[in-house]
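Dropping protein-v2.txt in here (compact mmCIF, C-alpha atoms):
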```
# COMPACT_ATOMS: atom_id res chain seq x y z
CA MET A 1027 4.64 -45.09 119.09
CA LYS A 1028 6.58 -42.12 120.33
CA GLU A 1029 7.34 -43.99 123.55
CA LEU A 1030 8.57 -47.00 121.58
CA ASN A 1031 10.81 -44.80 119.45
CA ALA A 1032 12.28 -43.26 122.59
CA TRP A 1033 13.12 -46.69 124.05
CA ALA A 1034 14.55 -47.86 120.72
CA ALA A 1035 16.78 -44.78 120.80
CA ILE A 1036 17.77 -45.57 124.41
CA ALA A 1037 18.76 -49.13 123.46
CA LEU A 1038 20.75 -47.86 120.48
CA ILE A 1039 22.50 -45.17 122.54
CA THR A 1040 23.47 -47.71 125.21
CA LEU A 1041 24.81 -50.24 122.71
CA ALA A 1042 26.69 -47.70 120.59
CA SER A 1043 28.21 -45.74 123.46
CA THR A 1044 29.35 -48.89 125.27
CA THR A 1045 30.99 -50.17 122.07
CA GLY A 1046 32.56 -46.74 121.56
CA ASP A 1047 33.82 -46.42 125.14
CA VAL A 1048 35.43 -49.85 125.07
CA LEU A 1049 37.12 -49.23 121.69
CA LEU A 1050 38.33 -45.76 122.72
CA SER A 1051 39.61 -46.96 126.07
CA TYR A 1052 41.44 -49.81 124.33
CA SER A 1053 42.97 -47.36 121.81
CA MET A 1054 44.10 -44.86 124.43
CA LYS A 1055 45.71 -47.61 126.53
CA ARG A 1056 47.72 -48.56 123.44
CA VAL A 1057 48.72 -44.91 122.90
CA GLY A 1058 49.82 -44.60 126.53
CA ASP A 1059 49.82 -41.60 128.87
CA VAL A 1060 49.18 -38.64 126.56
CA GLY A 1061 50.34 -36.09 129.16
CA GLU A 1062 53.76 -37.73 129.24
CA LEU A 1063 53.88 -38.04 125.45
CA TRP A 1064 52.91 -34.35 125.10
CA ARG A 1065 55.75 -33.23 127.39
CA ARG A 1066 58.32 -35.41 125.66
CA ARG A 1067 57.32 -35.12 121.97
CA GLY A 1068 54.76 -32.30 121.69
CA PRO A 1069 51.09 -32.10 120.64
CA CYS A 1070 51.67 -33.27 117.06
CA ALA A 1071 53.07 -36.59 118.31
CA VAL A 1072 50.00 -37.04 120.51
CA ILE A 1073 47.55 -36.33 117.68
CA GLY A 1074 49.53 -38.47 115.24
CA ARG A 1075 49.76 -41.40 117.63
CA VAL A 1076 46.03 -41.24 118.50
CA LEU A 1077 44.86 -40.95 114.88
CA GLY A 1078 47.30 -43.69 113.87
CA THR A 1079 45.54 -46.19 116.14
CA PRO A 1080 43.01 -48.01 113.92
CA THR A 1081 40.54 -48.88 116.69
CA PHE A 1082 40.27 -45.16 117.53
CA ALA A 1083 38.39 -44.47 114.27
CA LEU A 1084 36.05 -47.39 114.98
CA GLY A 1085 35.37 -46.10 118.49
CA LEU A 1086 34.76 -42.62 117.14
CA THR A 1087 32.25 -44.02 114.61
CA ALA A 1088 30.38 -45.83 117.39
CA MET A 1089 30.34 -42.60 119.41
CA GLY A 1090 28.96 -40.78 116.37
CA VAL A 1091 26.14 -43.32 116.12
CA ALA A 1092 25.46 -42.83 119.85
CA PHE A 1093 25.47 -39.04 119.43
CA TYR A 1094 22.94 -39.04 116.59
CA SER A 1095 20.78 -41.60 118.42
CA LEU A 1096 20.79 -39.19 121.35
CA LEU A 1097 19.63 -36.34 119.11
CA PHE A 1098 16.84 -38.62 117.78
CA GLY A 1099 15.93 -39.70 121.28
CA LEU A 1100 15.85 -36.14 122.60
CA SER A 1101 13.51 -35.03 119.83
CA TRP A 1102 11.10 -37.92 120.52
CA GLY A 1103 11.20 -38.55 124.21
CA ASN A 1104 11.58 -36.34 127.23
CA LEU A 1105 15.03 -35.18 128.23
CA SER A 1106 14.19 -36.58 131.67
CA LEU A 1107 13.60 -40.07 130.25
CA VAL A 1108 16.16 -40.50 127.48
CA VAL A 1109 19.28 -39.09 129.14
CA PRO A 1110 19.04 -40.81 132.55
CA ALA A 1111 17.76 -44.12 131.13
CA SER A 1112 20.56 -44.41 128.57
CA ALA A 1113 23.21 -43.07 130.98
CA SER A 1114 22.19 -45.46 133.70
CA LEU A 1115 22.16 -48.49 131.39
CA THR A 1116 25.49 -47.41 129.90
CA PHE A 1117 27.19 -47.40 133.33
CA VAL A 1118 26.22 -51.01 133.98
CA ALA A 1119 26.89 -52.16 130.39
CA ASN A 1120 30.31 -50.48 130.50
CA ALA A 1121 31.30 -52.19 133.73
CA VAL A 1122 30.43 -55.56 132.17
CA ALA A 1123 32.17 -54.73 128.89
CA ALA A 1124 35.30 -53.37 130.62
CA HIS A 1125 35.52 -56.60 132.62
CA VAL A 1126 35.00 -58.88 129.59
CA PHE A 1127 36.86 -57.05 126.81
CA LEU A 1128 39.39 -54.81 128.55
CA HIS A 1129 40.20 -57.24 131.38
CA GLU A 1130 39.88 -54.47 133.95
CA LYS A 1131 39.72 -55.84 137.47
CA VAL A 1132 36.29 -54.37 138.11
CA GLY A 1133 36.10 -55.88 141.58
CA ARG A 1134 33.42 -55.48 144.24
CA ARG A 1135 34.15 -51.81 144.83
CA ARG A 1136 33.54 -50.86 141.18
CA TRP A 1137 30.52 -53.15 140.65
CA ILE A 1138 28.86 -51.51 143.63
CA ALA A 1139 29.86 -48.10 142.31
CA ALA A 1140 28.39 -48.83 138.85
CA LEU A 1141 25.10 -49.94 140.40
CA LEU A 1142 25.00 -47.01 142.86
CA VAL A 1143 25.63 -44.50 140.09
CA ALA A 1144 23.08 -46.17 137.76
CA ALA A 1145 20.43 -46.15 140.49
CA GLY A 1146 21.31 -42.60 141.49
CA VAL A 1147 21.00 -41.34 137.91
CA VAL A 1148 17.51 -42.87 137.68
CA LEU A 1149 16.43 -41.36 141.01
CA MET A 1150 17.65 -37.92 139.93
CA ALA A 1151 15.22 -38.06 137.02
CA VAL A 1152 12.14 -39.24 138.93
CA MET B 1487 47.02 -39.58 140.48
CA THR B 1488 48.39 -36.05 140.33
CA PHE B 1489 46.56 -32.76 140.79
CA ARG B 1490 46.64 -32.23 137.02
CA LYS B 1491 44.91 -35.57 136.49
CA TYR B 1492 42.14 -34.60 138.90
CA LEU B 1493 41.75 -31.38 136.87
CA VAL B 1494 41.24 -33.48 133.71
CA LEU B 1495 38.53 -35.49 135.52
CA ALA B 1496 36.88 -32.21 136.61
CA GLY B 1497 37.00 -31.06 132.97
CA ILE B 1498 35.14 -34.22 131.93
CA THR B 1499 32.37 -33.46 134.43
CA LEU B 1500 32.05 -29.76 133.61
CA PHE B 1501 32.27 -29.94 129.81
CA SER B 1502 29.94 -32.92 129.41
CA THR B 1503 27.29 -31.36 131.65
CA THR B 1504 27.27 -27.92 130.03
CA GLY B 1505 27.61 -29.42 126.55
CA ASP B 1506 24.63 -31.74 127.04
CA SER B 1507 22.49 -28.91 128.45
CA LEU B 1508 23.22 -26.71 125.44
CA LEU B 1509 22.41 -29.56 123.03
CA ALA B 1510 19.13 -30.26 124.81
CA ARG B 1511 18.22 -26.57 124.64
CA GLY B 1512 19.00 -26.51 120.90
CA MET B 1513 16.95 -29.64 120.19
CA LYS B 1514 13.96 -28.18 122.02
CA GLU B 1515 14.17 -25.20 119.67
CA LEU B 1516 14.25 -27.45 116.60
CA GLY B 1517 11.30 -29.61 117.66
CA ASN B 1518 10.71 -33.16 116.49
CA VAL B 1519 13.12 -34.67 114.03
CA SER B 1520 11.94 -37.80 112.21
CA LEU B 1521 13.48 -40.38 109.93
CA HIS B 1522 11.64 -38.75 107.03
CA ASN B 1523 13.55 -35.57 107.65
CA LEU B 1524 17.17 -36.68 107.84
CA SER B 1525 18.48 -33.49 106.29
CA GLY B 1526 16.92 -31.62 109.21
CA LEU B 1527 19.01 -33.72 111.58
CA LEU B 1528 22.21 -33.04 109.65
CA LEU B 1529 21.41 -29.32 109.44
CA SER B 1530 20.75 -29.21 113.18
CA ILE B 1531 24.43 -28.43 113.75
CA LEU B 1532 23.81 -24.95 112.32
CA ASN B 1533 21.72 -23.99 115.35
CA PRO B 1534 23.93 -21.80 117.62
CA TRP B 1535 22.99 -23.69 120.82
CA ILE B 1536 23.93 -26.95 119.16
CA THR B 1537 27.17 -25.50 117.77
CA ALA B 1538 28.16 -24.28 121.25
CA GLY B 1539 27.16 -27.65 122.72
CA ILE B 1540 29.31 -29.48 120.19
CA ILE B 1541 32.34 -27.27 120.93
CA LEU B 1542 32.03 -28.04 124.65
CA LEU B 1543 31.55 -31.73 123.92
CA LEU B 1544 34.79 -31.66 121.88
CA ALA B 1545 36.57 -30.22 124.93
CA PHE B 1546 34.95 -32.99 126.98
CA PHE B 1547 36.20 -35.53 124.43
CA ALA B 1548 39.80 -34.30 124.66
CA CYS B 1549 39.72 -34.56 128.48
CA TYR B 1550 38.03 -37.95 128.27
CA MET B 1551 40.64 -39.37 125.87
CA SER B 1552 43.44 -38.00 128.03
CA ALA B 1553 41.93 -39.65 131.13
CA LEU B 1554 41.44 -42.98 129.32
CA SER B 1555 45.12 -42.97 128.38
CA TRP B 1556 46.14 -43.26 132.05
CA ALA B 1557 43.10 -44.68 133.86
CA ASP B 1558 40.59 -47.53 133.59
CA LEU B 1559 37.26 -47.02 131.83
CA THR B 1560 35.44 -48.08 135.00
CA TYR B 1561 37.43 -45.46 136.95
CA VAL B 1562 36.86 -42.56 134.53
CA LEU B 1563 33.15 -43.12 133.84
CA PRO B 1564 31.78 -42.31 137.31
CA ALA B 1565 33.48 -38.92 137.02
CA THR B 1566 31.03 -37.98 134.27
CA SER B 1567 28.07 -38.85 136.49
CA LEU B 1568 29.06 -36.15 138.99
CA GLY B 1569 27.64 -33.72 136.44
CA TYR B 1570 24.10 -34.65 137.48
CA VAL B 1571 24.96 -33.81 141.06
CA LEU B 1572 26.58 -30.57 139.98
CA VAL B 1573 23.51 -29.41 138.02
CA ALA B 1574 21.21 -30.20 140.94
CA LEU B 1575 23.43 -28.40 143.46
CA VAL B 1576 23.75 -25.30 141.25
CA ALA B 1577 19.96 -25.31 140.75
CA HIS B 1578 19.41 -25.57 144.51
CA PHE B 1579 22.01 -23.19 145.94
CA GLY B 1580 22.32 -20.88 142.94
CA PHE B 1581 18.74 -20.61 141.75
CA HIS B 1582 16.92 -21.73 144.93
CA GLU B 1583 15.06 -24.52 143.18
CA GLU B 1584 13.42 -27.17 145.34
CA ILE B 1585 15.08 -30.58 145.31
CA SER B 1586 12.79 -33.52 146.18
CA ALA B 1587 13.77 -36.20 148.68
CA THR B 1588 14.15 -38.73 145.83
CA ARG B 1589 16.63 -36.47 144.06
CA TRP B 1590 18.63 -35.96 147.26
CA LEU B 1591 18.78 -39.75 147.55
CA GLY B 1592 19.95 -39.92 143.93
CA ILE B 1593 22.65 -37.33 144.69
CA ALA B 1594 23.76 -39.38 147.70
CA LEU B 1595 23.93 -42.62 145.69
CA ILE B 1596 25.95 -41.08 142.84
CA THR B 1597 28.33 -39.39 145.25
CA ALA B 1598 28.80 -42.65 147.18
CA GLY B 1599 29.46 -44.51 143.91
CA VAL B 1600 32.01 -41.97 142.73
CA GLY B 1601 33.69 -41.93 146.13
CA SER B 1602 33.87 -45.70 146.14
CA VAL B 1603 35.65 -45.77 142.78
CA ALA B 1604 37.92 -42.81 143.52
CA ALA B 1605 39.16 -44.45 146.74
CA GLY B 1606 40.43 -47.44 144.74
CA PRO B 1607 43.25 -47.76 142.19
CA SER B 1608 42.91 -45.83 138.91
CA VAL B 1609 44.52 -48.52 136.76
CA THR B 1610 44.02 -52.28 137.14
CA ALA B 1611 44.20 -53.74 133.64
CA GLY B 1612 47.05 -56.12 132.81
CA HIS B 1613 50.57 -54.78 132.60
CA GLN B 1614 49.72 -51.32 133.85
CA SER B 1615 48.75 -52.43 137.35
CA GLY B 1616 51.01 -51.29 140.10
CA ARG B 1617 51.05 -47.67 139.07
CA ASP B 1618 49.21 -45.24 141.36
CA THR B 1619 47.69 -48.06 143.35
CA SER B 1620 46.89 -46.39 146.63
CA LEU B 1621 45.00 -43.36 147.76
CA SER B 1622 47.82 -42.33 150.09
CA VAL B 1623 50.14 -42.13 147.12
CA SER B 1624 47.75 -39.86 145.25
CA ARG B 1625 47.18 -37.70 148.33
CA ASN B 1626 50.92 -37.20 148.67
CA ALA B 1627 51.11 -36.36 144.99
CA ILE B 1628 48.42 -33.69 145.36
CA SER B 1629 50.05 -32.04 148.32
CA GLN B 1630 53.39 -32.03 146.55
CA GLU B 1631 51.80 -30.63 143.40
CA LEU B 1632 50.08 -27.92 145.43
CA LYS B 1633 53.30 -26.98 147.22
CA SER B 1634 55.29 -26.63 144.03
```

This entry written out as structure tokens:
Amino acid sequence: MKELNAWAAIALITLASTTGDVLLSYSMKRVGDVGELWRRRGPCAVIGRVLGTPTFALGLTAMGVAFYSLLFGLSWGNLSLVVPASASLTFVANAVAAHVFLHEKVGRRRWIAALLVAAGVVLMAV
Amino acid sequence: MTFRKYLVLAGITLFSTTGDSLLARGMKELGNVSLHNLSGLLLSILNPWITAGIILLLAFFACYMSALSWADLTYVLPATSLGYVLVALVAHFGFHEEISATRWLGIALITAGVGSVAAGPSVTAGHQSGRDTSLSVSRNAISQELKS
């Protein structure tokens, strides 16, 4: 039962954090380079522009869900299972989602990288 | 890619790693949290380890958002995975902990993955392509940034 709960948490973390990452990345691309904006208009403009992007709040909510799922997962499963399993799955899920929803040219180089990192994260935990 | 942008990526790695470790430490102290005890989960932020972890994760979040504003998601994400490598290396060289062959292989794979992404362009999506597209450009930018 505990094992099942841990894997349910892992699935939830992966889903929520991928959704969050995609929404946040989309929002920040719409805001534009914040370093440049900061130099030209100051920190208030940056904060205002970021908070004024509606998808940012959605992304933040998804990240909140992922965060609390992680807390759940950590209290049920081992740190050495929950963190690497969800991180590893998130890398692959994010590469797929970035390709489909954000139209990033993931390309061979980045697919290989996503798989290498995902495999590496698992090996680190074994 | 400028030197400052690499610093932001380093911030993502450092803050997420230390933040996660502090959170894990705090959750171990609290013990099991169940669905029947939701208030316990909400109150968990009062634990000092968890508070410190959350502060570091906020710093991570600021760096992460900054990076996402000028680079692809699939470029920024591998940077966070370097944290695993960092923890292992600190444990080995700092605290003389043994690292198994499997973990060394894991370190090698993650490093190769990050290197593979870092060698490519940082932005590819739609209208933003064309900016910072080659490694030689970013290398020049670093050396100029370091000189100034």

May I ask you to extract the residues of chain A within 8 Å of chain B, using only C-alpha atoms, and to give them as a count of residues only? 44

Nearby residues (only C-alpha atoms) at most 12 Å from B:Ile1541, same-chain spacing under 6 positions excluded, as a VMD selection string: chain B and resid 1501 to 1502 1504 to 1506 1508 to 1509 1531 1534 to 1535 1547 to 1548

Between atom CA of A:Leu1096 and atom CA of A:Pro1080, what distance in Å does the model show, to one decimal?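 Separating atom CA of A:Leu1096 from atom CA of A:Pro1080 is a distance of 25.0 Å.
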
Atom CA of B:Leu1542 to atom CA of B:Leu1493: how many Å, to one decimal?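 Interatomic distance here is 16.0 Å.
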
Work out how far atom CA of B:Ala1496 is from atom CA of B:Phe1579, in Å to one decimal. 19.7 Å

Please report, as lines of an AutoDock Vina configuration file, the centre and edge lengths in Å to one decimal of an axis-aligned box covering all listed atoms of stretch 1555-1569 of chain B with 3 Å per side.
```
center_x = 36.9
center_y = -40.9
center_z = 133.7
size_x = 24.5
size_y = 20.4
size_z = 16.6
```

Compile the contact shell of stretch 1083-1093 of chain A as a list in words: residues with an atom at most 9 Å away, counting only C-alpha atoms, same-chain residues fewer than 4 positions apart removed. Ala1035, Leu1038, Ile1039, Thr1040, Leu1041, Ala1042, Ser1043, Thr1044, Thr1045, Gly1046, Asp1047, Val1048, Leu1049, Leu1050, Ser1051, Ser1053, Leu1077, Gly1078, Thr1079, Leu1097 and Phe1098 of chain A
